[in-house]
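Structure below is final-v8.cif: mmCIF, C-alpha atoms and all ligand atoms.
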data_query
#
loop_
_atom_site.group_PDB
_atom_site.id
_atom_site.type_symbol
_atom_site.label_atom_id
_atom_site.label_comp_id
_atom_site.auth_asym_id
_atom_site.auth_seq_id
_atom_site.Cartn_x
_atom_site.Cartn_y
_atom_site.Cartn_z
ATOM 1 C CA MET A 1 76.075 137.205 60.965
ATOM 2 C CA LYS A 2 76.655 133.540 61.557
ATOM 3 C CA ALA A 3 80.346 133.804 60.650
ATOM 4 C CA LYS A 4 80.695 136.684 63.097
ATOM 5 C CA THR A 5 79.100 134.633 65.891
ATOM 6 C CA LEU A 6 81.411 131.717 65.131
ATOM 7 C CA SER A 7 84.502 133.877 65.222
ATOM 8 C CA LEU A 8 83.398 135.337 68.555
ATOM 9 C CA LEU A 9 82.930 131.801 69.903
ATOM 10 C CA ALA A 10 86.379 130.852 68.639
ATOM 11 C CA ALA A 11 87.886 133.893 70.325
ATOM 12 C CA GLY A 12 86.109 132.907 73.553
ATOM 13 C CA ALA A 13 87.489 129.357 73.311
ATOM 14 C CA LEU A 14 91.019 130.643 72.811
ATOM 15 C CA PHE A 15 90.615 132.826 75.889
ATOM 16 C CA VAL A 16 89.568 129.799 77.932
ATOM 17 C CA VAL A 17 92.544 127.778 76.740
ATOM 18 C CA SER A 18 95.031 130.532 77.395
ATOM 19 C CA CYS A 19 93.654 132.051 80.598
ATOM 20 C CA GLY A 20 91.608 129.329 82.342
ATOM 21 C CA THR A 21 92.904 126.805 84.845
ATOM 22 C CA THR A 22 90.671 123.743 85.142
ATOM 23 C CA ASN A 23 90.859 121.286 88.016
ATOM 24 C CA THR A 24 88.955 118.034 87.445
ATOM 25 C CA TYR A 25 88.079 115.693 90.305
ATOM 26 C CA GLN A 26 86.406 112.304 90.548
ATOM 27 C CA VAL A 27 83.328 112.147 92.768
ATOM 28 C CA LEU A 28 83.830 109.580 95.557
ATOM 29 C CA SER A 29 80.848 107.455 96.624
ATOM 30 C CA LYS A 30 79.797 107.728 100.259
ATOM 31 C CA SER A 31 77.219 106.227 102.624
ATOM 32 C CA ASN A 32 77.148 102.854 100.817
ATOM 33 C CA THR A 33 76.038 104.342 97.492
ATOM 34 C CA GLN A 34 77.497 104.057 93.971
ATOM 35 C CA THR A 35 77.596 107.823 93.384
ATOM 36 C CA GLY A 36 80.197 108.755 90.787
ATOM 37 C CA GLY A 37 81.046 111.291 88.091
ATOM 38 C CA THR A 38 83.231 114.349 87.897
ATOM 39 C CA ALA A 39 83.438 117.894 89.222
ATOM 40 C CA LYS A 40 85.333 120.489 87.183
ATOM 41 C CA PHE A 41 86.326 123.889 88.478
ATOM 42 C CA THR A 42 87.715 126.543 86.136
ATOM 43 C CA GLN A 43 88.988 129.974 87.101
ATOM 44 C CA LYS A 44 88.141 132.433 84.314
ATOM 45 C CA GLY A 45 89.245 135.927 85.164
ATOM 46 C CA ASN A 46 87.595 136.758 88.481
ATOM 47 C CA GLU A 47 84.972 133.996 88.148
ATOM 48 C CA VAL A 48 84.958 130.297 88.960
ATOM 49 C CA VAL A 49 82.831 128.000 86.779
ATOM 50 C CA MET A 50 81.834 124.674 88.320
ATOM 51 C CA LYS A 51 80.569 121.852 86.086
ATOM 52 C CA LEU A 52 79.157 118.784 87.797
ATOM 53 C CA ASP A 53 78.447 115.564 85.908
ATOM 54 C CA ILE A 54 77.110 113.122 88.507
ATOM 55 C CA THR A 55 76.114 109.470 88.048
ATOM 56 C CA ASN A 56 74.267 106.761 90.001
ATOM 57 C CA LEU A 57 72.110 109.050 92.111
ATOM 58 C CA THR A 58 68.567 108.169 93.089
ATOM 59 C CA PRO A 59 66.215 109.947 90.637
ATOM 60 C CA GLY A 60 65.074 113.318 91.972
ATOM 61 C CA ILE A 61 66.460 116.324 93.793
ATOM 62 C CA HIS A 62 69.782 116.374 95.667
ATOM 63 C CA ALA A 63 71.455 119.200 97.566
ATOM 64 C CA VAL A 64 74.989 120.275 96.625
ATOM 65 C CA HIS A 65 77.183 122.221 99.025
ATOM 66 C CA ILE A 66 80.783 123.116 99.594
ATOM 67 C CA HIS A 67 81.700 121.963 103.080
ATOM 68 C CA GLU A 68 84.513 123.380 105.183
ATOM 69 C CA LYS A 69 87.087 120.551 104.964
ATOM 70 C CA GLY A 70 88.565 118.793 101.949
ATOM 71 C CA ASP A 71 88.541 115.433 103.732
ATOM 72 C CA CYS A 72 86.347 112.670 102.294
ATOM 73 C CA SER A 73 87.839 109.920 104.475
ATOM 74 C CA ALA A 74 84.748 109.140 106.566
ATOM 75 C CA ALA A 75 82.424 106.507 105.093
ATOM 76 C CA ASP A 76 79.495 108.878 105.585
ATOM 77 C CA GLY A 77 81.348 111.999 104.424
ATOM 78 C CA THR A 78 81.007 113.765 107.779
ATOM 79 C CA SER A 79 84.789 114.365 107.796
ATOM 80 C CA THR A 80 84.097 117.352 105.506
ATOM 81 C CA GLY A 81 82.511 119.200 108.442
ATOM 82 C CA GLY A 82 79.640 121.651 108.090
ATOM 83 C CA HIS A 83 78.822 124.035 105.262
ATOM 84 C CA TRP A 84 81.691 126.343 104.264
ATOM 85 C CA ASN A 85 80.633 129.601 105.883
ATOM 86 C CA PRO A 86 83.466 132.146 106.090
ATOM 87 C CA ALA A 87 81.035 135.069 106.614
ATOM 88 C CA LYS A 88 79.286 133.342 109.575
ATOM 89 C CA ASP A 89 75.934 133.843 107.896
ATOM 90 C CA ASP A 90 72.793 131.686 108.113
ATOM 91 C CA HIS A 91 72.051 128.804 105.770
ATOM 92 C CA GLY A 92 69.869 129.696 102.807
ATOM 93 C CA LYS A 93 69.397 129.908 99.062
ATOM 94 C CA TRP A 94 72.331 131.228 97.028
ATOM 95 C CA GLY A 95 71.804 134.941 96.315
ATOM 96 C CA ALA A 96 69.138 135.394 98.997
ATOM 97 C CA GLU A 97 69.559 137.735 101.974
ATOM 98 C CA HIS A 98 71.305 135.025 104.009
ATOM 99 C CA PHE A 99 73.312 132.073 102.715
ATOM 100 C CA HIS A 100 76.588 130.249 103.276
ATOM 101 C CA MET A 101 79.373 130.614 100.702
ATOM 102 C CA GLY A 102 78.976 126.845 100.153
ATOM 103 C CA ASP A 103 75.194 126.907 99.583
ATOM 104 C CA ILE A 104 75.207 125.972 95.904
ATOM 105 C CA GLY A 105 71.648 124.624 95.922
ATOM 106 C CA ASN A 106 70.062 121.557 94.332
ATOM 107 C CA LEU A 107 70.511 119.432 91.242
ATOM 108 C CA THR A 108 68.024 117.004 89.703
ATOM 109 C CA ALA A 109 68.910 113.444 88.729
ATOM 110 C CA ASP A 110 66.984 111.886 85.843
ATOM 111 C CA GLN A 111 65.421 108.418 85.810
ATOM 112 C CA ASN A 112 68.874 106.920 85.132
ATOM 113 C CA GLY A 113 70.400 108.720 88.107
ATOM 114 C CA ASN A 114 72.407 111.200 86.023
ATOM 115 C CA ALA A 115 72.591 114.890 86.906
ATOM 116 C CA MET A 116 74.425 117.877 85.492
ATOM 117 C CA LEU A 117 74.860 121.314 86.989
ATOM 118 C CA THR A 118 76.803 124.370 85.855
ATOM 119 C CA PHE A 119 77.355 127.095 88.442
ATOM 120 C CA LYS A 120 79.322 130.301 88.022
ATOM 121 C CA THR A 121 80.300 132.893 90.606
ATOM 122 C CA ASP A 122 82.775 135.679 91.320
ATOM 123 C CA LYS A 123 82.455 134.989 95.072
ATOM 124 C CA TRP A 124 84.887 132.036 94.832
ATOM 125 C CA CYS A 125 88.451 131.663 93.620
ATOM 126 C CA LEU A 126 90.766 128.741 92.962
ATOM 127 C CA GLY A 127 93.818 129.130 95.177
ATOM 128 C CA CYS A 128 93.843 132.897 95.708
ATOM 129 C CA THR A 129 95.037 134.428 98.981
ATOM 130 C CA ASP A 130 91.567 135.601 100.058
ATOM 131 C CA GLU A 131 90.378 132.784 102.344
ATOM 132 C CA SER A 132 86.818 134.128 102.272
ATOM 133 C CA LYS A 133 86.803 133.134 98.544
ATOM 134 C CA ASN A 134 89.277 130.290 98.169
ATOM 135 C CA ILE A 135 87.620 126.884 97.593
ATOM 136 C CA ILE A 136 90.901 124.931 97.453
ATOM 137 C CA GLY A 137 91.078 122.752 100.553
ATOM 138 C CA LYS A 138 87.290 122.510 100.856
ATOM 139 C CA GLY A 139 84.962 119.556 100.213
ATOM 140 C CA LEU A 140 82.065 119.272 97.770
ATOM 141 C CA ILE A 141 79.150 117.150 98.996
ATOM 142 C CA ILE A 142 76.183 115.710 97.096
ATOM 143 C CA HIS A 143 73.363 114.833 99.481
ATOM 144 C CA ALA A 144 70.721 112.122 99.565
ATOM 145 C CA SER A 145 67.870 114.666 99.694
ATOM 146 C CA ALA A 146 66.915 118.166 98.620
ATOM 147 C CA ASP A 147 68.004 121.378 100.342
ATOM 148 C CA ASP A 148 64.918 123.148 101.714
ATOM 149 C CA PHE A 149 66.936 126.440 101.906
ATOM 150 C CA HIS A 150 65.434 127.009 105.327
ATOM 151 C CA THR A 151 66.407 124.484 108.027
ATOM 152 C CA GLN A 152 69.472 125.647 110.046
ATOM 153 C CA PRO A 153 72.288 125.001 109.510
ATOM 154 C CA THR A 154 71.997 122.157 106.981
ATOM 155 C CA GLY A 155 68.946 122.693 104.763
ATOM 156 C CA ASN A 156 67.749 119.274 105.999
ATOM 157 C CA ALA A 157 69.483 117.660 103.018
ATOM 158 C CA GLY A 158 69.965 114.195 104.541
ATOM 159 C CA GLY A 159 73.010 111.941 104.207
ATOM 160 C CA ARG A 160 76.137 112.539 102.139
ATOM 161 C CA VAL A 161 76.244 110.292 99.058
ATOM 162 C CA GLY A 162 79.059 111.894 97.036
ATOM 163 C CA CYS A 163 82.229 113.711 98.039
ATOM 164 C CA VAL A 164 85.048 115.611 96.362
ATOM 165 C CA GLU A 165 88.264 116.826 97.969
ATOM 166 C CA ILE A 166 88.909 120.140 96.164
ATOM 167 C CA LYS A 167 92.705 120.315 96.199
HETATM 168 CU CU CU A 201 76.002 119.724 102.474
HETATM 169 ZN ZN ZN A 202 74.471 126.128 104.159
#
Could you write out this file's structure as structure tokens?
Amino acid sequence: MKAKTLSLLAAGALFVVSCGTTNTYQVLSKSNTQTGGTAKFTQKGNEVVMKLDITNLTPGIHAVHIHEKGDCSAADGTSTGGHWNPAKDDHGKWGAEHFHMGDIGNLTADQNGNAMLTFKTDKWCLGCTDESKNIIGKGLIIHASADDFHTQPTGNAGGRVGCVEIK
């Protein structure tokens, strides 16, 4: 039984190596913070897996969104624009009746300011021709505060402390 599980895992790993494309980005600090870490995006078949490994956050809950522009040049991150929202829907919680395509949700930083999040969806793609799914050219933002999933159009998530140009 155990050997069978291991061989299945090995087969899965081979599939990832042969069929997955992973883009890894450094998280840029914004708004006079020391936010750092990495964001990895992997296309696996028709799904995108995002793995965030974030450092130097304030302990507690922080919103994570994909914003409409892959431009982290502004010191406060506002150059990324608003939430990526190709369907012109309302802001909300991912999977609820209304949400933006960039409404990933929240992550929690521990007492040392470290946070990890893995997120998987078939509603995104990496570089496909469907612009309602393509996240290349967009910006990932880590916020100072939590997303309340309610306030329009931002979730009242506060300033922008980390930024990634997804390119
Ligand atoms: Cu945001
Ligand atoms: Zn939103």
Can you tell me which residues come within 12 Å of ligand CU 201 (chain A) when counting only C-alpha atoms and all ligand atoms, ideally as a VMD selection string?
chain A and resid 62 to 69 76 to 85 91 to 92 100 to 106 138 to 149 152 to 164
Please, could you write that set of residues out with C-alpha atoms as a PDB file, keeping the file's coordinate frame?
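Saved file selection.pdb follows:
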ATOM      1  CA  HIS A  62      69.782 116.374  95.667  1.00  0.00           C
ATOM      2  CA  ALA A  63      71.455 119.200  97.566  1.00  0.00           C
ATOM      3  CA  VAL A  64      74.989 120.275  96.625  1.00  0.00           C
ATOM      4  CA  HIS A  65      77.183 122.221  99.025  1.00  0.00           C
ATOM      5  CA  ILE A  66      80.783 123.116  99.594  1.00  0.00           C
ATOM      6  CA  HIS A  67      81.700 121.963 103.080  1.00  0.00           C
ATOM      7  CA  GLU A  68      84.513 123.380 105.183  1.00  0.00           C
ATOM      8  CA  LYS A  69      87.087 120.551 104.964  1.00  0.00           C
ATOM      9  CA  ASP A  76      79.495 108.878 105.585  1.00  0.00           C
ATOM     10  CA  GLY A  77      81.348 111.999 104.424  1.00  0.00           C
ATOM     11  CA  THR A  78      81.007 113.765 107.779  1.00  0.00           C
ATOM     12  CA  SER A  79      84.789 114.365 107.796  1.00  0.00           C
ATOM     13  CA  THR A  80      84.097 117.352 105.506  1.00  0.00           C
ATOM     14  CA  GLY A  81      82.511 119.200 108.442  1.00  0.00           C
ATOM     15  CA  GLY A  82      79.640 121.651 108.090  1.00  0.00           C
ATOM     16  CA  HIS A  83      78.822 124.035 105.262  1.00  0.00           C
ATOM     17  CA  TRP A  84      81.691 126.343 104.264  1.00  0.00           C
ATOM     18  CA  ASN A  85      80.633 129.601 105.883  1.00  0.00           C
ATOM     19  CA  HIS A  91      72.051 128.804 105.770  1.00  0.00           C
ATOM     20  CA  GLY A  92      69.869 129.696 102.807  1.00  0.00           C
ATOM     21  CA  HIS A 100      76.588 130.249 103.276  1.00  0.00           C
ATOM     22  CA  MET A 101      79.373 130.614 100.702  1.00  0.00           C
ATOM     23  CA  GLY A 102      78.976 126.845 100.153  1.00  0.00           C
ATOM     24  CA  ASP A 103      75.194 126.907  99.583  1.00  0.00           C
ATOM     25  CA  ILE A 104      75.207 125.972  95.904  1.00  0.00           C
ATOM     26  CA  GLY A 105      71.648 124.624  95.922  1.00  0.00           C
ATOM     27  CA  ASN A 106      70.062 121.557  94.332  1.00  0.00           C
ATOM     28  CA  LYS A 138      87.290 122.510 100.856  1.00  0.00           C
ATOM     29  CA  GLY A 139      84.962 119.556 100.213  1.00  0.00           C
ATOM     30  CA  LEU A 140      82.065 119.272  97.770  1.00  0.00           C
ATOM     31  CA  ILE A 141      79.150 117.150  98.996  1.00  0.00           C
ATOM     32  CA  ILE A 142      76.183 115.710  97.096  1.00  0.00           C
ATOM     33  CA  HIS A 143      73.363 114.833  99.481  1.00  0.00           C
ATOM     34  CA  ALA A 144      70.721 112.122  99.565  1.00  0.00           C
ATOM     35  CA  SER A 145      67.870 114.666  99.694  1.00  0.00           C
ATOM     36  CA  ALA A 146      66.915 118.166  98.620  1.00  0.00           C
ATOM     37  CA  ASP A 147      68.004 121.378 100.342  1.00  0.00           C
ATOM     38  CA  ASP A 148      64.918 123.148 101.714  1.00  0.00           C
ATOM     39  CA  PHE A 149      66.936 126.440 101.906  1.00  0.00           C
ATOM     40  CA  GLN A 152      69.472 125.647 110.046  1.00  0.00           C
ATOM     41  CA  PRO A 153      72.288 125.001 109.510  1.00  0.00           C
ATOM     42  CA  THR A 154      71.997 122.157 106.981  1.00  0.00           C
ATOM     43  CA  GLY A 155      68.946 122.693 104.763  1.00  0.00           C
ATOM     44  CA  ASN A 156      67.749 119.274 105.999  1.00  0.00           C
ATOM     45  CA  ALA A 157      69.483 117.660 103.018  1.00  0.00           C
ATOM     46  CA  GLY A 158      69.965 114.195 104.541  1.00  0.00           C
ATOM     47  CA  GLY A 159      73.010 111.941 104.207  1.00  0.00           C
ATOM     48  CA  ARG A 160      76.137 112.539 102.139  1.00  0.00           C
ATOM     49  CA  VAL A 161      76.244 110.292  99.058  1.00  0.00           C
ATOM     50  CA  GLY A 162      79.059 111.894  97.036  1.00  0.00           C
ATOM     51  CA  CYS A 163      82.229 113.711  98.039  1.00  0.00           C
ATOM     52  CA  VAL A 164      85.048 115.611  96.362  1.00  0.00           C
TER      53      VAL A 164
END
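Considering the residues A:Ser132, A:Asp89, A:Thr22, A:Ala74 and counting only C-alpha atoms, Val48 in chain A has its shortest atom-to-atom contact with A:Thr22.
In this structure, CA of Ala87 in chain A sits 24.7 Å away from CA of Lys40 in chain A.
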Do you know which residues the PyMOL selection byres (((chain A and resi 45) around 9) and not hetatm) returns on this file, as a ChimeraX atom specification?
/A:19-20,43-44,46-48,122
How about saving the chosen residues, C-alpha atoms kept, as a tab-separated table (two decimals), in the coordinates of the input?
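Printed below is selection-v5.tsv as written:
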chain	number	residue	atom	x	y	z
A	19	CYS	CA	93.65	132.05	80.60
A	20	GLY	CA	91.61	129.33	82.34
A	43	GLN	CA	88.99	129.97	87.10
A	44	LYS	CA	88.14	132.43	84.31
A	46	ASN	CA	87.60	136.76	88.48
A	47	GLU	CA	84.97	134.00	88.15
A	48	VAL	CA	84.96	130.30	88.96
A	122	ASP	CA	82.78	135.68	91.32
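Run against this file, the PyMOL selection byres (((chain A and resi 28) around 9) and not hetatm) gives back Gln26, Val27, Ser29, Lys30, Gln34, Thr35, Gly36, Gly37, Cys72, Val161, Gly162, Cys163, Val164 and Glu165 of chain A.
Omitting Gly137 in chain A and its sequence neighbours fewer than 2 positions away, and counting all atoms listed in the file, the residues within 6 Å are Gly70, Ile166 and Lys167 of chain A.
If only C-alpha atoms and all ligand atoms are the atoms counted, then among A:Ala115, A:Ala96, A:Ile136, A:Leu107 the closest residue to ligand ZN 202 (chain A) is A:Ala96.
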